[in-house]
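Enquirer: Input file: data25.tsv. Contents: TSV, C-alpha atoms and all ligand atoms.
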```tsv
chain	number	residue	atom	x	y	z
A	8	GLY	CA	13.13	85.39	-0.86
A	9	SER	CA	10.83	82.42	-1.31
A	10	THR	CA	11.31	79.55	-3.70
A	11	ILE	CA	8.64	77.78	-5.73
A	12	GLY	CA	9.51	74.26	-6.79
A	13	ILE	CA	8.19	73.20	-10.20
A	14	LEU	CA	7.97	69.59	-11.37
A	15	GLY	CA	8.61	69.40	-15.12
A	16	GLY	CA	10.97	71.36	-17.32
A	17	GLY	CA	9.06	72.41	-20.44
A	18	GLN	CA	7.80	75.73	-21.79
A	19	LEU	CA	4.98	75.90	-19.25
A	20	GLY	CA	7.56	75.75	-16.45
A	21	ARG	CA	9.59	78.38	-18.27
A	22	MET	CA	6.66	80.81	-18.44
A	23	LEU	CA	5.73	80.05	-14.82
A	24	SER	CA	9.32	80.85	-13.81
A	25	VAL	CA	9.22	84.19	-15.63
A	26	ALA	CA	5.93	85.09	-13.90
A	27	ALA	CA	7.32	84.00	-10.50
A	28	ALA	CA	10.43	86.13	-10.98
A	29	GLN	CA	8.27	89.18	-11.62
A	30	LEU	CA	6.69	88.64	-8.19
A	31	GLY	CA	10.07	88.25	-6.50
A	32	TYR	CA	10.12	84.45	-6.27
A	33	ARG	CA	12.85	82.10	-7.30
A	34	THR	CA	11.94	78.86	-9.02
A	35	HIS	CA	13.56	75.47	-8.74
A	36	ILE	CA	12.94	73.11	-11.65
A	37	TYR	CA	12.91	69.36	-10.99
A	38	ALA	CA	12.88	67.26	-14.15
A	39	PRO	CA	14.46	64.01	-15.32
A	40	ASP	CA	15.48	65.27	-18.76
A	41	SER	CA	18.91	66.79	-19.22
A	42	LYS	CA	17.63	69.62	-21.42
A	43	SER	CA	15.11	71.88	-19.75
A	44	VAL	CA	13.93	75.15	-21.25
A	45	ALA	CA	12.46	75.98	-17.84
A	46	ALA	CA	15.77	75.43	-16.07
A	47	ASP	CA	17.35	77.95	-18.48
A	48	VAL	CA	15.38	80.74	-16.77
A	49	ALA	CA	15.06	79.29	-13.23
A	50	ALA	CA	17.35	79.92	-10.27
A	51	HIS	CA	17.86	76.23	-9.51
A	52	HIS	CA	17.67	72.97	-11.41
A	53	THR	CA	17.66	69.40	-10.22
A	54	GLN	CA	18.01	66.84	-12.96
A	55	ALA	CA	16.98	63.55	-11.38
A	56	ALA	CA	14.55	60.68	-11.81
A	57	TRP	CA	10.96	60.93	-10.55
A	58	ASP	CA	11.69	58.21	-7.97
A	59	ASP	CA	14.99	59.58	-6.62
A	60	GLU	CA	13.82	60.05	-3.03
A	61	PRO	CA	16.99	61.70	-1.64
A	62	ARG	CA	16.94	64.30	-4.45
A	63	LEU	CA	13.18	64.78	-4.07
A	64	ALA	CA	13.62	65.33	-0.31
A	65	ALA	CA	16.34	67.91	-0.95
A	66	PHE	CA	14.12	69.64	-3.55
A	67	ALA	CA	11.23	69.72	-1.06
A	68	ALA	CA	13.48	71.16	1.65
A	69	ALA	CA	14.64	73.93	-0.72
A	70	SER	CA	11.06	74.84	-1.78
A	71	ASP	CA	8.41	76.81	0.11
A	72	VAL	CA	5.71	75.28	-2.06
A	73	VAL	CA	5.78	72.86	-5.00
A	74	THR	CA	3.63	72.81	-8.14
A	75	PHE	CA	3.77	70.99	-11.48
A	76	GLU	CA	3.67	71.95	-15.15
A	77	PHE	CA	3.37	68.38	-16.47
A	78	GLU	CA	0.38	66.17	-15.70
A	79	ASN	CA	2.26	62.92	-16.09
A	80	VAL	CA	4.49	63.35	-13.05
A	81	PRO	CA	4.07	60.01	-11.27
A	82	VAL	CA	1.50	60.19	-8.47
A	83	ASP	CA	3.99	58.48	-6.13
A	84	THR	CA	6.42	61.37	-6.65
A	85	VAL	CA	3.81	63.91	-5.58
A	86	ARG	CA	2.68	61.70	-2.69
A	87	PHE	CA	6.28	61.50	-1.45
A	88	LEU	CA	6.80	65.26	-1.79
A	89	SER	CA	3.49	65.96	-0.02
A	90	GLY	CA	5.00	64.42	3.12
A	91	HIS	CA	7.65	67.17	3.11
A	92	VAL	CA	6.13	70.30	1.55
A	93	ALA	CA	2.77	71.65	0.33
A	94	VAL	CA	2.12	70.54	-3.26
A	95	ARG	CA	-0.51	72.61	-5.09
A	96	PRO	CA	-2.65	71.46	-6.78
A	97	GLY	CA	-2.52	68.15	-4.90
A	98	VAL	CA	-2.47	64.44	-5.59
A	99	ALA	CA	-6.24	64.12	-6.16
A	100	ALA	CA	-6.28	66.33	-9.26
A	101	LEU	CA	-3.16	64.73	-10.70
A	102	GLU	CA	-4.48	61.21	-10.18
A	103	VAL	CA	-7.79	61.90	-11.94
A	104	ALA	CA	-6.24	63.79	-14.86
A	105	GLN	CA	-3.64	61.10	-15.62
A	106	ASP	CA	-6.26	58.50	-16.41
A	107	ARG	CA	-8.74	59.32	-19.18
A	108	LEU	CA	-11.21	56.71	-17.92
A	109	ALA	CA	-11.05	57.81	-14.28
A	110	GLU	CA	-11.37	61.42	-15.47
A	111	LYS	CA	-14.51	60.76	-17.53
A	112	ASN	CA	-16.13	58.74	-14.73
A	113	PHE	CA	-15.31	61.49	-12.25
A	114	VAL	CA	-16.70	64.19	-14.54
A	115	VAL	CA	-19.91	62.20	-15.02
A	116	SER	CA	-20.17	61.86	-11.22
A	117	VAL	CA	-20.20	65.64	-10.80
A	118	GLY	CA	-22.82	66.14	-13.53
A	119	GLY	CA	-20.64	66.66	-16.63
A	120	ARG	CA	-21.32	65.25	-20.08
A	121	PRO	CA	-18.45	63.73	-22.06
A	122	ALA	CA	-18.86	62.13	-25.50
A	123	PRO	CA	-20.21	58.54	-25.26
A	124	PHE	CA	-17.35	56.34	-24.07
A	125	ALA	CA	-16.50	52.78	-23.09
A	126	PRO	CA	-13.36	51.19	-21.65
A	127	ALA	CA	-11.11	49.15	-23.94
A	128	PRO	CA	-8.53	47.61	-21.58
A	129	ASP	CA	-7.73	44.88	-24.14
A	130	ARG	CA	-8.51	43.90	-27.74
A	131	THR	CA	-11.61	41.84	-26.84
A	132	ALA	CA	-13.05	44.69	-24.77
A	133	LEU	CA	-12.57	46.98	-27.77
A	134	ASP	CA	-15.18	44.94	-29.72
A	135	THR	CA	-17.66	45.40	-26.86
A	136	ALA	CA	-16.81	49.09	-26.70
A	137	ILE	CA	-17.51	49.45	-30.43
A	138	GLU	CA	-20.92	47.82	-29.92
A	139	MET	CA	-21.68	50.29	-27.13
A	140	VAL	CA	-20.30	53.50	-28.65
A	141	GLY	CA	-20.63	52.84	-32.38
A	142	THR	CA	-18.51	54.44	-35.12
A	143	PRO	CA	-17.09	56.83	-36.13
A	144	ALA	CA	-15.08	56.83	-32.92
A	145	ILE	CA	-11.66	57.68	-31.51
A	146	LEU	CA	-9.57	55.21	-29.55
A	147	LYS	CA	-7.34	56.91	-26.94
A	148	THR	CA	-4.77	55.40	-24.61
A	149	VAL	CA	-5.89	55.81	-20.99
A	150	ARG	CA	-2.49	57.15	-19.97
A	151	MET	CA	0.29	59.44	-21.25
A	152	GLY	CA	-1.30	60.87	-24.42
A	153	TYR	CA	-0.75	64.51	-25.42
A	154	ASP	CA	-0.95	66.54	-28.65
A	155	GLY	CA	-3.12	63.80	-30.16
A	156	LYS	CA	-0.47	61.09	-29.59
A	157	GLY	CA	-1.81	57.68	-28.57
A	158	GLN	CA	-5.02	58.16	-30.56
A	159	ALA	CA	-6.52	56.46	-33.61
A	160	GLN	CA	-9.78	57.04	-35.46
A	161	LEU	CA	-12.18	54.27	-36.38
A	162	ALA	CA	-14.45	55.01	-39.35
A	163	ALA	CA	-16.09	51.57	-39.06
A	164	PRO	CA	-15.91	48.50	-36.75
A	165	ALA	CA	-13.58	46.85	-39.29
A	166	ASP	CA	-10.89	49.41	-38.29
A	167	ALA	CA	-10.58	47.87	-34.81
A	168	ASP	CA	-7.37	45.90	-35.45
A	169	THR	CA	-5.61	48.77	-37.20
A	170	ALA	CA	-6.57	51.22	-34.47
A	171	TRP	CA	-5.60	48.84	-31.67
A	172	ASP	CA	-2.16	48.32	-33.25
A	173	ALA	CA	-1.77	52.05	-33.98
A	174	ILE	CA	-2.08	52.97	-30.29
A	175	GLY	CA	0.45	50.32	-29.30
A	176	ARG	CA	-2.12	47.92	-27.78
A	177	HIS	CA	-2.22	49.90	-24.55
A	178	PRO	CA	-5.28	50.02	-22.27
A	179	ALA	CA	-7.57	52.55	-23.91
A	180	VAL	CA	-10.95	54.23	-23.94
A	181	LEU	CA	-13.18	54.41	-27.00
A	182	GLU	CA	-14.96	57.70	-27.54
A	183	GLY	CA	-17.75	58.55	-29.93
A	184	PHE	CA	-16.66	61.03	-32.60
A	185	VAL	CA	-18.22	64.42	-31.85
A	186	ASP	CA	-19.29	66.41	-34.89
A	187	PHE	CA	-18.64	69.70	-33.16
A	188	ALA	CA	-19.09	73.23	-34.44
A	189	HIS	CA	-16.29	74.63	-32.27
A	190	GLU	CA	-13.84	73.73	-29.52
A	191	PHE	CA	-13.24	75.99	-26.54
A	192	SER	CA	-11.62	75.91	-23.14
A	193	VAL	CA	-12.46	77.07	-19.65
A	194	LEU	CA	-9.44	78.56	-17.90
A	195	LEU	CA	-9.98	79.12	-14.20
A	196	VAL	CA	-7.85	79.83	-11.18
A	197	ARG	CA	-8.86	78.80	-7.67
A	198	GLY	CA	-7.16	80.48	-4.74
A	199	ILE	CA	-6.10	79.11	-1.39
A	200	ASP	CA	-9.37	80.43	0.14
A	201	GLY	CA	-11.54	78.77	-2.55
A	202	GLU	CA	-12.16	81.91	-4.60
A	203	VAL	CA	-12.57	81.07	-8.31
A	204	ARG	CA	-11.89	83.43	-11.22
A	205	TYR	CA	-12.28	82.72	-14.94
A	206	TRP	CA	-10.67	84.08	-18.06
A	207	ASP	CA	-12.86	84.48	-21.13
A	208	SER	CA	-13.13	81.21	-23.05
A	209	PRO	CA	-11.17	81.27	-26.33
A	210	VAL	CA	-12.16	79.29	-29.40
A	211	ASN	CA	-9.47	76.69	-30.06
A	212	VAL	CA	-8.54	75.30	-33.47
A	213	HIS	CA	-6.59	72.04	-33.71
A	214	GLY	CA	-4.67	70.54	-36.61
A	215	ALA	CA	-3.76	66.84	-36.52
A	216	GLY	CA	-4.64	66.71	-32.80
A	217	ILE	CA	-2.34	69.63	-31.89
A	218	LEU	CA	-3.58	73.04	-30.80
A	219	ALA	CA	-2.96	75.49	-33.66
A	220	SER	CA	-4.62	78.67	-32.37
A	221	SER	CA	-6.74	80.18	-29.60
A	222	SER	CA	-8.71	83.36	-30.29
A	223	LEU	CA	-11.11	85.89	-28.80
A	224	PRO	CA	-13.75	87.04	-29.26
A	225	ALA	CA	-15.10	83.52	-29.55
A	226	PRO	CA	-18.13	82.76	-31.76
A	227	ALA	CA	-21.54	83.33	-30.15
A	228	ALA	CA	-22.05	79.56	-29.87
A	229	VAL	CA	-19.01	79.37	-27.56
A	230	ALA	CA	-20.02	82.39	-25.51
A	231	GLY	CA	-23.48	80.78	-25.15
A	232	GLN	CA	-22.04	77.61	-23.56
A	233	GLN	CA	-19.35	79.25	-21.50
A	234	ASP	CA	-21.42	79.56	-18.30
A	235	ALA	CA	-22.48	75.90	-18.26
A	236	ALA	CA	-18.90	74.78	-18.88
A	237	ARG	CA	-17.62	77.09	-16.14
A	238	ALA	CA	-20.15	75.71	-13.66
A	239	LEU	CA	-18.90	72.18	-14.35
A	240	MET	CA	-15.24	73.16	-13.98
A	241	ALA	CA	-16.02	74.95	-10.70
A	242	GLU	CA	-17.67	71.73	-9.40
A	243	ILE	CA	-14.57	69.79	-10.41
A	244	ALA	CA	-12.21	72.30	-8.77
A	245	GLU	CA	-14.26	72.26	-5.58
A	246	ALA	CA	-14.46	68.46	-5.45
A	247	LEU	CA	-10.66	68.22	-5.85
A	248	ASP	CA	-9.96	71.04	-3.36
A	249	TYR	CA	-7.97	72.50	-6.23
A	250	ILE	CA	-5.44	75.33	-5.90
A	251	GLY	CA	-4.02	76.97	-9.03
A	252	VAL	CA	-4.99	77.15	-12.70
A	253	LEU	CA	-7.30	74.40	-13.97
A	254	THR	CA	-8.27	73.96	-17.63
A	255	GLY	CA	-11.22	72.19	-19.21
A	256	GLU	CA	-11.43	71.45	-22.94
A	257	PHE	CA	-14.94	71.37	-24.43
A	258	PHE	CA	-16.81	70.84	-27.70
A	259	VAL	CA	-19.81	73.00	-28.55
A	260	GLY	CA	-22.59	70.39	-28.64
A	261	ALA	CA	-26.13	70.67	-29.98
A	262	ASP	CA	-27.54	70.79	-26.43
A	263	GLY	CA	-24.76	72.16	-24.32
A	264	PRO	CA	-21.03	71.79	-23.77
A	265	ILE	CA	-19.45	68.35	-24.21
A	266	PHE	CA	-16.48	67.74	-21.91
A	267	ASN	CA	-13.35	66.55	-23.76
A	268	GLU	CA	-10.62	66.50	-21.12
A	269	MET	CA	-9.05	68.54	-18.36
A	270	ALA	CA	-5.52	69.63	-17.55
A	271	PRO	CA	-4.52	70.23	-13.90
A	272	ARG	CA	-2.19	73.05	-14.89
A	273	VAL	CA	-1.69	76.13	-16.99
A	274	HIS	CA	-2.61	75.41	-20.60
A	275	ASN	CA	-1.58	76.26	-24.15
A	276	SER	CA	-5.03	77.77	-24.83
A	277	GLY	CA	-4.32	80.30	-22.06
A	278	HIS	CA	-1.06	81.69	-23.47
A	279	TRP	CA	-2.97	84.68	-24.87
A	280	THR	CA	-3.56	85.87	-21.28
A	281	ILE	CA	0.07	87.06	-21.08
A	282	GLU	CA	-0.70	90.04	-23.33
A	283	GLY	CA	-4.51	89.89	-23.52
A	284	ALA	CA	-5.62	89.84	-19.89
A	285	VAL	CA	-4.96	91.97	-16.80
A	286	THR	CA	-3.31	89.00	-15.07
A	287	SER	CA	-1.88	86.07	-17.04
A	288	GLN	CA	-2.62	82.42	-16.26
A	289	PHE	CA	1.04	82.04	-15.25
A	290	GLU	CA	1.00	84.91	-12.77
A	291	ASN	CA	-2.32	83.79	-11.26
A	292	HIS	CA	-1.07	80.23	-10.90
A	293	ILE	CA	1.94	81.51	-8.99
A	294	ARG	CA	-0.29	83.80	-6.91
A	295	ALA	CA	-2.62	80.91	-6.09
A	296	VAL	CA	0.02	78.36	-5.09
A	297	ALA	CA	1.94	81.00	-3.12
A	298	GLY	CA	-1.22	81.95	-1.22
A	299	LEU	CA	-1.31	85.51	-2.60
A	300	PRO	CA	-4.48	87.37	-3.63
A	301	LEU	CA	-5.60	86.53	-7.18
A	302	GLY	CA	-5.24	89.09	-9.95
A	303	ASP	CA	-8.00	90.35	-12.25
A	304	THR	CA	-8.67	87.96	-15.16
A	305	ALA	CA	-10.46	90.47	-17.42
A	306	THR	CA	-9.57	90.56	-21.12
A	307	THR	CA	-7.81	93.85	-21.90
A	308	ALA	CA	-7.67	93.85	-25.67
A	309	LEU	CA	-9.73	92.44	-28.53
A	310	PRO	CA	-9.24	90.75	-30.84
A	311	VAL	CA	-6.66	88.38	-29.36
A	312	VAL	CA	-5.07	85.69	-31.49
A	313	MET	CA	-2.50	83.17	-30.22
A	314	ARG	CA	-0.84	80.92	-32.79
A	315	ASN	CA	1.49	78.09	-31.99
A	316	LEU	CA	4.83	77.76	-33.73
A	317	ILE	CA	5.10	74.04	-34.35
A	318	GLY	CA	8.09	72.34	-35.98
A	319	ALA	CA	9.18	74.24	-39.10
A	320	ASP	CA	6.87	77.18	-38.17
A	321	ILE	CA	9.68	78.44	-35.97
A	322	ALA	CA	11.43	79.67	-39.15
A	323	ALA	CA	8.76	82.41	-39.28
A	324	VAL	CA	10.23	84.17	-36.24
A	325	PRO	CA	12.24	86.80	-38.17
A	326	ALA	CA	9.14	87.74	-40.21
A	327	LEU	CA	7.03	87.82	-37.03
A	328	LEU	CA	9.56	90.09	-35.35
A	329	ALA	CA	9.23	92.43	-38.31
A	330	ASP	CA	5.50	92.71	-37.50
A	331	GLY	CA	5.92	95.09	-34.60
A	332	ARG	CA	2.58	94.13	-33.06
A	333	ALA	CA	3.29	90.42	-32.80
A	334	HIS	CA	4.35	89.23	-29.33
A	335	VAL	CA	6.86	86.51	-30.12
A	336	HIS	CA	7.58	83.74	-27.60
A	337	HIS	CA	10.49	81.47	-28.49
A	338	TYR	CA	10.89	78.56	-26.09
A	339	GLY	CA	14.60	78.13	-26.76
A	340	LYS	CA	14.39	74.42	-27.54
A	341	ALA	CA	17.56	73.16	-29.19
A	342	GLU	CA	15.92	70.54	-31.36
A	343	VAL	CA	13.39	71.29	-34.13
A	344	ARG	CA	11.08	68.31	-34.66
A	345	ASP	CA	7.84	67.91	-36.65
A	346	GLY	CA	4.85	68.37	-34.37
A	347	ARG	CA	6.93	69.84	-31.53
A	348	LYS	CA	5.74	73.08	-29.93
A	349	LEU	CA	8.70	75.46	-30.25
A	350	GLY	CA	7.08	78.83	-29.60
A	351	HIS	CA	3.93	80.87	-29.98
A	352	VAL	CA	2.93	84.33	-31.11
A	353	THR	CA	0.13	86.55	-29.83
A	354	TRP	CA	-1.60	89.57	-31.31
A	355	ALA	CA	-3.59	91.50	-28.71
A	356	GLY	CA	-5.80	94.34	-29.88
A	357	ALA	CA	-4.55	93.81	-33.41
A	358	GLU	CA	-5.16	91.44	-36.30
A	359	PRO	CA	-2.29	89.24	-37.46
A	360	GLU	CA	-0.55	90.76	-40.48
A	361	THR	CA	-0.28	87.34	-42.13
A	401	LIG	P1	-3.73	67.72	-25.43
A	401	LIG	O1	-2.44	68.09	-26.09
A	401	LIG	O2	-4.80	68.79	-25.50
A	401	LIG	O3	-3.58	67.13	-24.07
A	401	LIG	P2	-4.61	65.06	-26.19
A	401	LIG	O4	-3.55	64.27	-26.85
A	401	LIG	O5	-4.93	64.77	-24.77
A	401	LIG	O6	-4.33	66.61	-26.40
A	401	LIG	P3	-7.42	65.24	-26.98
A	401	LIG	O7	-7.65	66.56	-26.41
A	401	LIG	O8	-8.14	64.07	-26.42
A	401	LIG	O9	-5.87	64.86	-27.11
A	401	LIG	O10	-7.74	65.29	-28.56
A	401	LIG	C1	-7.03	66.18	-29.40
A	401	LIG	C2	-7.98	66.79	-30.38
A	401	LIG	O11	-8.58	65.76	-31.21
A	401	LIG	C3	-9.16	67.49	-29.75
A	401	LIG	O12	-8.86	68.79	-29.31
A	401	LIG	C4	-10.16	67.45	-30.91
A	401	LIG	O13	-9.82	68.40	-31.90
A	401	LIG	C5	-9.92	66.06	-31.47
A	401	LIG	N1	-10.81	65.10	-30.76
A	401	LIG	C6	-10.53	64.43	-29.63
A	401	LIG	N2	-11.54	63.67	-29.23
A	401	LIG	C7	-12.53	63.86	-30.13
A	401	LIG	C8	-13.86	63.34	-30.27
A	401	LIG	N3	-14.38	62.45	-29.41
A	401	LIG	N4	-14.58	63.77	-31.34
A	401	LIG	C9	-14.07	64.65	-32.23
A	401	LIG	N5	-12.84	65.15	-32.14
A	401	LIG	C10	-12.07	64.78	-31.13
A	402	MG	MG	-4.71	65.89	-23.08
A	403	MG	MG	-6.70	68.01	-25.46
```
Please express the file's structure as structure tokens.

Expert:
Amino acid sequence: GSTIGILGGGQLGRMLSVAAAQLGYRTHIYAPDSKSVAADVAAHHTQAAWDDEPRLAAFAAASDVVTFEFENVPVDTVRFLSGHVAVRPGVAALEVAQDRLAEKNFVVSVGGRPAPFAPAPDRTALDTAIEMVGTPAILKTVRMGYDGKGQAQLAAPADADTAWDAIGRHPAVLEGFVDFAHEFSVLLVRGIDGEVRYWDSPVNVHGAGILASSSLPAPAAVAGQQDAARALMAEIAEALDYIGVLTGEFFVGADGPIFNEMAPRVHNSGHWTIEGAVTSQFENHIRAVAGLPLGDTATTALPVVMRNLIGADIAAVPALLADGRAHVHHYGKAEVRDGRKLGHVTWAGAEPET
């Protein structure tokens, strides 16, 4: 059988491994951390640093194709692997998505509209950025942020010092605060032949910067901006010669979708596709990177509600199991921490009981 190498060892890698197994593939997880919930369900595991070239070469030799579930894999790692094995999606997508400033400039270059933004590489530049963007605003580190980490809000220019300290004085980008009605995502998959398919766009609700839930049907305002947002994401996928699942996060703006950020991978707001669509994002990502025909992305059941189990929420699992219509996903992480995604639960064709 064939082996798919996956860079990164979290729950996205775990769900990709399950989908790959269903199609007869083995997966090989490569991740630096000793604990990997993906490795628990994969056939092979290499625990090594991102710059361990002998181990990377061995991983490449053991894989028919390599993909990633984590967008902060160093670009040099993927460049090195690309000399030995096909990596899908490739370096271009990873490079753009790792750098919020490069990503926004790229999106503008293909006709997208992010919130007003300005670079803040240092404290002095932040003052200039505040003059350009105004307040309220959000300061975000250019690199490494996720789940709202590395971000600070500025209600007024006087908050500059506090915000700059709060994000650890790292190079950042200042973004105008968007007074949005809703947030939604575009989930697409692009095949090896360039074919693009989309799942329906869910409405996404965040709490403290972390995704709390994704639901369908989405409000009419989301459905009304879905086509414009899809067209932008298709441009992006095309420009990057993208293969696999690509996600775009958007705000519903007064005159069209406002681009927030993209993820060059399967995404938390697409977990509902496991039970709520003909083909899940995980299966279609595997199909795409393995060069197989794409599966149908149609929604099969409405309503669909996906809720994350974050930190102490995981204690609700017994009660959720007692609700026979709840699809419970427990990621098997050993350590419960505040703000950590430990599982999720999906209702498809049924309303949550609680
Ligand atoms: P992810 O885990 O999705 O990668 P992240 O850490 O990269 O998250 P963002 O997506 O930039 O963070 O922001 C997290 C959330 O904070 C957004 O989904 C949105 O709810 C809110 N937010 C971010 N930027 C803005 C903005 N400019 N205006 C209003 N709200 C915002
Ligand atoms: Mg992000
Ligand atoms: Mg986000």

Enquirer: Looking at A:Ser24, A:Thr84, A:Ser192, A:Thr53, which one is nearest to ligand MG 403 (chain A), with distances taken over only C-alpha atoms and all ligand atoms?

Expert: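 Between A:Ser24, A:Thr84, A:Ser192, A:Thr53, the residue approaching ligand MG 403 (chain A) most closely is A:Ser192.
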
Enquirer: Taking all atoms listed in the file into account, which of A:Leu223, A:Ile13, A:Val212, A:Ala323 comes nearest ligand MG 403 (chain A)?

Expert: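 Checking each candidate against ligand MG 403 (chain A), we get A:Val212 as the closest.
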
Enquirer: Per residue of chain A within 10 Å of ligand LIG 401 (chain A), what are the shortest atom pair and its distance in Å to one decimal, counting all atoms listed in the file, with rows by chain and residue number, as JSON lines?

Expert:
```
{"residue": "A:Glu78", "atom": "CA", "partner": "A:LIG401", "partner_atom": "O3", "distance": 9.3}
{"residue": "A:Gln105", "atom": "CA", "partner": "A:LIG401", "partner_atom": "O5", "distance": 9.9}
{"residue": "A:Arg107", "atom": "CA", "partner": "A:LIG401", "partner_atom": "O8", "distance": 8.7}
{"residue": "A:Pro121", "atom": "CA", "partner": "A:LIG401", "partner_atom": "N3", "distance": 8.5}
{"residue": "A:Ala122", "atom": "CA", "partner": "A:LIG401", "partner_atom": "N3", "distance": 6.0}
{"residue": "A:Pro123", "atom": "CA", "partner": "A:LIG401", "partner_atom": "N3", "distance": 8.2}
{"residue": "A:Phe124", "atom": "CA", "partner": "A:LIG401", "partner_atom": "N3", "distance": 8.6}
{"residue": "A:Pro143", "atom": "CA", "partner": "A:LIG401", "partner_atom": "N4", "distance": 8.8}
{"residue": "A:Ala144", "atom": "CA", "partner": "A:LIG401", "partner_atom": "N3", "distance": 6.7}
{"residue": "A:Ile145", "atom": "CA", "partner": "A:LIG401", "partner_atom": "N3", "distance": 5.9}
{"residue": "A:Leu146", "atom": "CA", "partner": "A:LIG401", "partner_atom": "N2", "distance": 8.7}
{"residue": "A:Lys147", "atom": "CA", "partner": "A:LIG401", "partner_atom": "O8", "distance": 7.2}
{"residue": "A:Thr148", "atom": "CA", "partner": "A:LIG401", "partner_atom": "O4", "distance": 9.2}
{"residue": "A:Val149", "atom": "CA", "partner": "A:LIG401", "partner_atom": "O5", "distance": 9.8}
{"residue": "A:Arg150", "atom": "CA", "partner": "A:LIG401", "partner_atom": "O5", "distance": 9.3}
{"residue": "A:Met151", "atom": "CA", "partner": "A:LIG401", "partner_atom": "O5", "distance": 8.2}
{"residue": "A:Gly152", "atom": "CA", "partner": "A:LIG401", "partner_atom": "O4", "distance": 4.7}
{"residue": "A:Tyr153", "atom": "CA", "partner": "A:LIG401", "partner_atom": "O4", "distance": 3.2}
{"residue": "A:Asp154", "atom": "CA", "partner": "A:LIG401", "partner_atom": "O1", "distance": 3.3}
{"residue": "A:Gly155", "atom": "CA", "partner": "A:LIG401", "partner_atom": "O4", "distance": 3.4}
{"residue": "A:Lys156", "atom": "CA", "partner": "A:LIG401", "partner_atom": "O4", "distance": 5.2}
{"residue": "A:Gly157", "atom": "CA", "partner": "A:LIG401", "partner_atom": "O4", "distance": 7.0}
{"residue": "A:Gln158", "atom": "CA", "partner": "A:LIG401", "partner_atom": "O4", "distance": 7.3}
{"residue": "A:Ala159", "atom": "CA", "partner": "A:LIG401", "partner_atom": "C6", "distance": 9.8}
{"residue": "A:Gln160", "atom": "CA", "partner": "A:LIG401", "partner_atom": "C7", "distance": 9.1}
{"residue": "A:Leu181", "atom": "CA", "partner": "A:LIG401", "partner_atom": "N3", "distance": 8.5}
{"residue": "A:Glu182", "atom": "CA", "partner": "A:LIG401", "partner_atom": "N3", "distance": 5.1}
{"residue": "A:Gly183", "atom": "CA", "partner": "A:LIG401", "partner_atom": "N3", "distance": 5.2}
{"residue": "A:Phe184", "atom": "CA", "partner": "A:LIG401", "partner_atom": "N4", "distance": 3.7}
{"residue": "A:Val185", "atom": "CA", "partner": "A:LIG401", "partner_atom": "N4", "distance": 3.7}
{"residue": "A:Asp186", "atom": "CA", "partner": "A:LIG401", "partner_atom": "C9", "distance": 6.1}
{"residue": "A:Phe187", "atom": "CA", "partner": "A:LIG401", "partner_atom": "C9", "distance": 6.9}
{"residue": "A:His189", "atom": "CA", "partner": "A:LIG401", "partner_atom": "O13", "distance": 9.0}
{"residue": "A:Glu190", "atom": "CA", "partner": "A:LIG401", "partner_atom": "O12", "distance": 7.0}
{"residue": "A:Phe191", "atom": "CA", "partner": "A:LIG401", "partner_atom": "O12", "distance": 8.9}
{"residue": "A:Ser192", "atom": "CA", "partner": "A:LIG401", "partner_atom": "O12", "distance": 9.8}
{"residue": "A:Asn211", "atom": "CA", "partner": "A:LIG401", "partner_atom": "O12", "distance": 8.0}
{"residue": "A:Val212", "atom": "CA", "partner": "A:LIG401", "partner_atom": "O13", "distance": 7.2}
{"residue": "A:His213", "atom": "CA", "partner": "A:LIG401", "partner_atom": "O13", "distance": 5.2}
{"residue": "A:Gly214", "atom": "CA", "partner": "A:LIG401", "partner_atom": "O13", "distance": 7.3}
{"residue": "A:Ala215", "atom": "CA", "partner": "A:LIG401", "partner_atom": "O11", "distance": 7.3}
{"residue": "A:Gly216", "atom": "CA", "partner": "A:LIG401", "partner_atom": "C2", "distance": 4.1}
{"residue": "A:Ile217", "atom": "CA", "partner": "A:LIG401", "partner_atom": "O1", "distance": 6.0}
{"residue": "A:Leu218", "atom": "CA", "partner": "A:LIG401", "partner_atom": "O2", "distance": 6.9}
{"residue": "A:Ala219", "atom": "CA", "partner": "A:LIG401", "partner_atom": "O12", "distance": 9.9}
{"residue": "A:Gly255", "atom": "CA", "partner": "A:LIG401", "partner_atom": "O2", "distance": 9.6}
{"residue": "A:Glu256", "atom": "CA", "partner": "A:LIG401", "partner_atom": "O7", "distance": 7.1}
{"residue": "A:Phe257", "atom": "CA", "partner": "A:LIG401", "partner_atom": "O12", "distance": 8.2}
{"residue": "A:Phe258", "atom": "CA", "partner": "A:LIG401", "partner_atom": "C4", "distance": 8.1}
{"residue": "A:Ile265", "atom": "CA", "partner": "A:LIG401", "partner_atom": "N3", "distance": 9.4}
{"residue": "A:Phe266", "atom": "CA", "partner": "A:LIG401", "partner_atom": "N3", "distance": 9.4}
{"residue": "A:Asn267", "atom": "CA", "partner": "A:LIG401", "partner_atom": "O7", "distance": 6.3}
{"residue": "A:Glu268", "atom": "CA", "partner": "A:LIG401", "partner_atom": "O7", "distance": 6.1}
{"residue": "A:Met269", "atom": "CA", "partner": "A:LIG401", "partner_atom": "O3", "distance": 8.0}
{"residue": "A:Ala270", "atom": "CA", "partner": "A:LIG401", "partner_atom": "O3", "distance": 7.2}
{"residue": "A:His274", "atom": "CA", "partner": "A:LIG401", "partner_atom": "O2", "distance": 8.5}
{"residue": "A:Asn275", "atom": "CA", "partner": "A:LIG401", "partner_atom": "O2", "distance": 8.2}
{"residue": "A:Ser276", "atom": "CA", "partner": "A:LIG401", "partner_atom": "O2", "distance": 9.0}
```
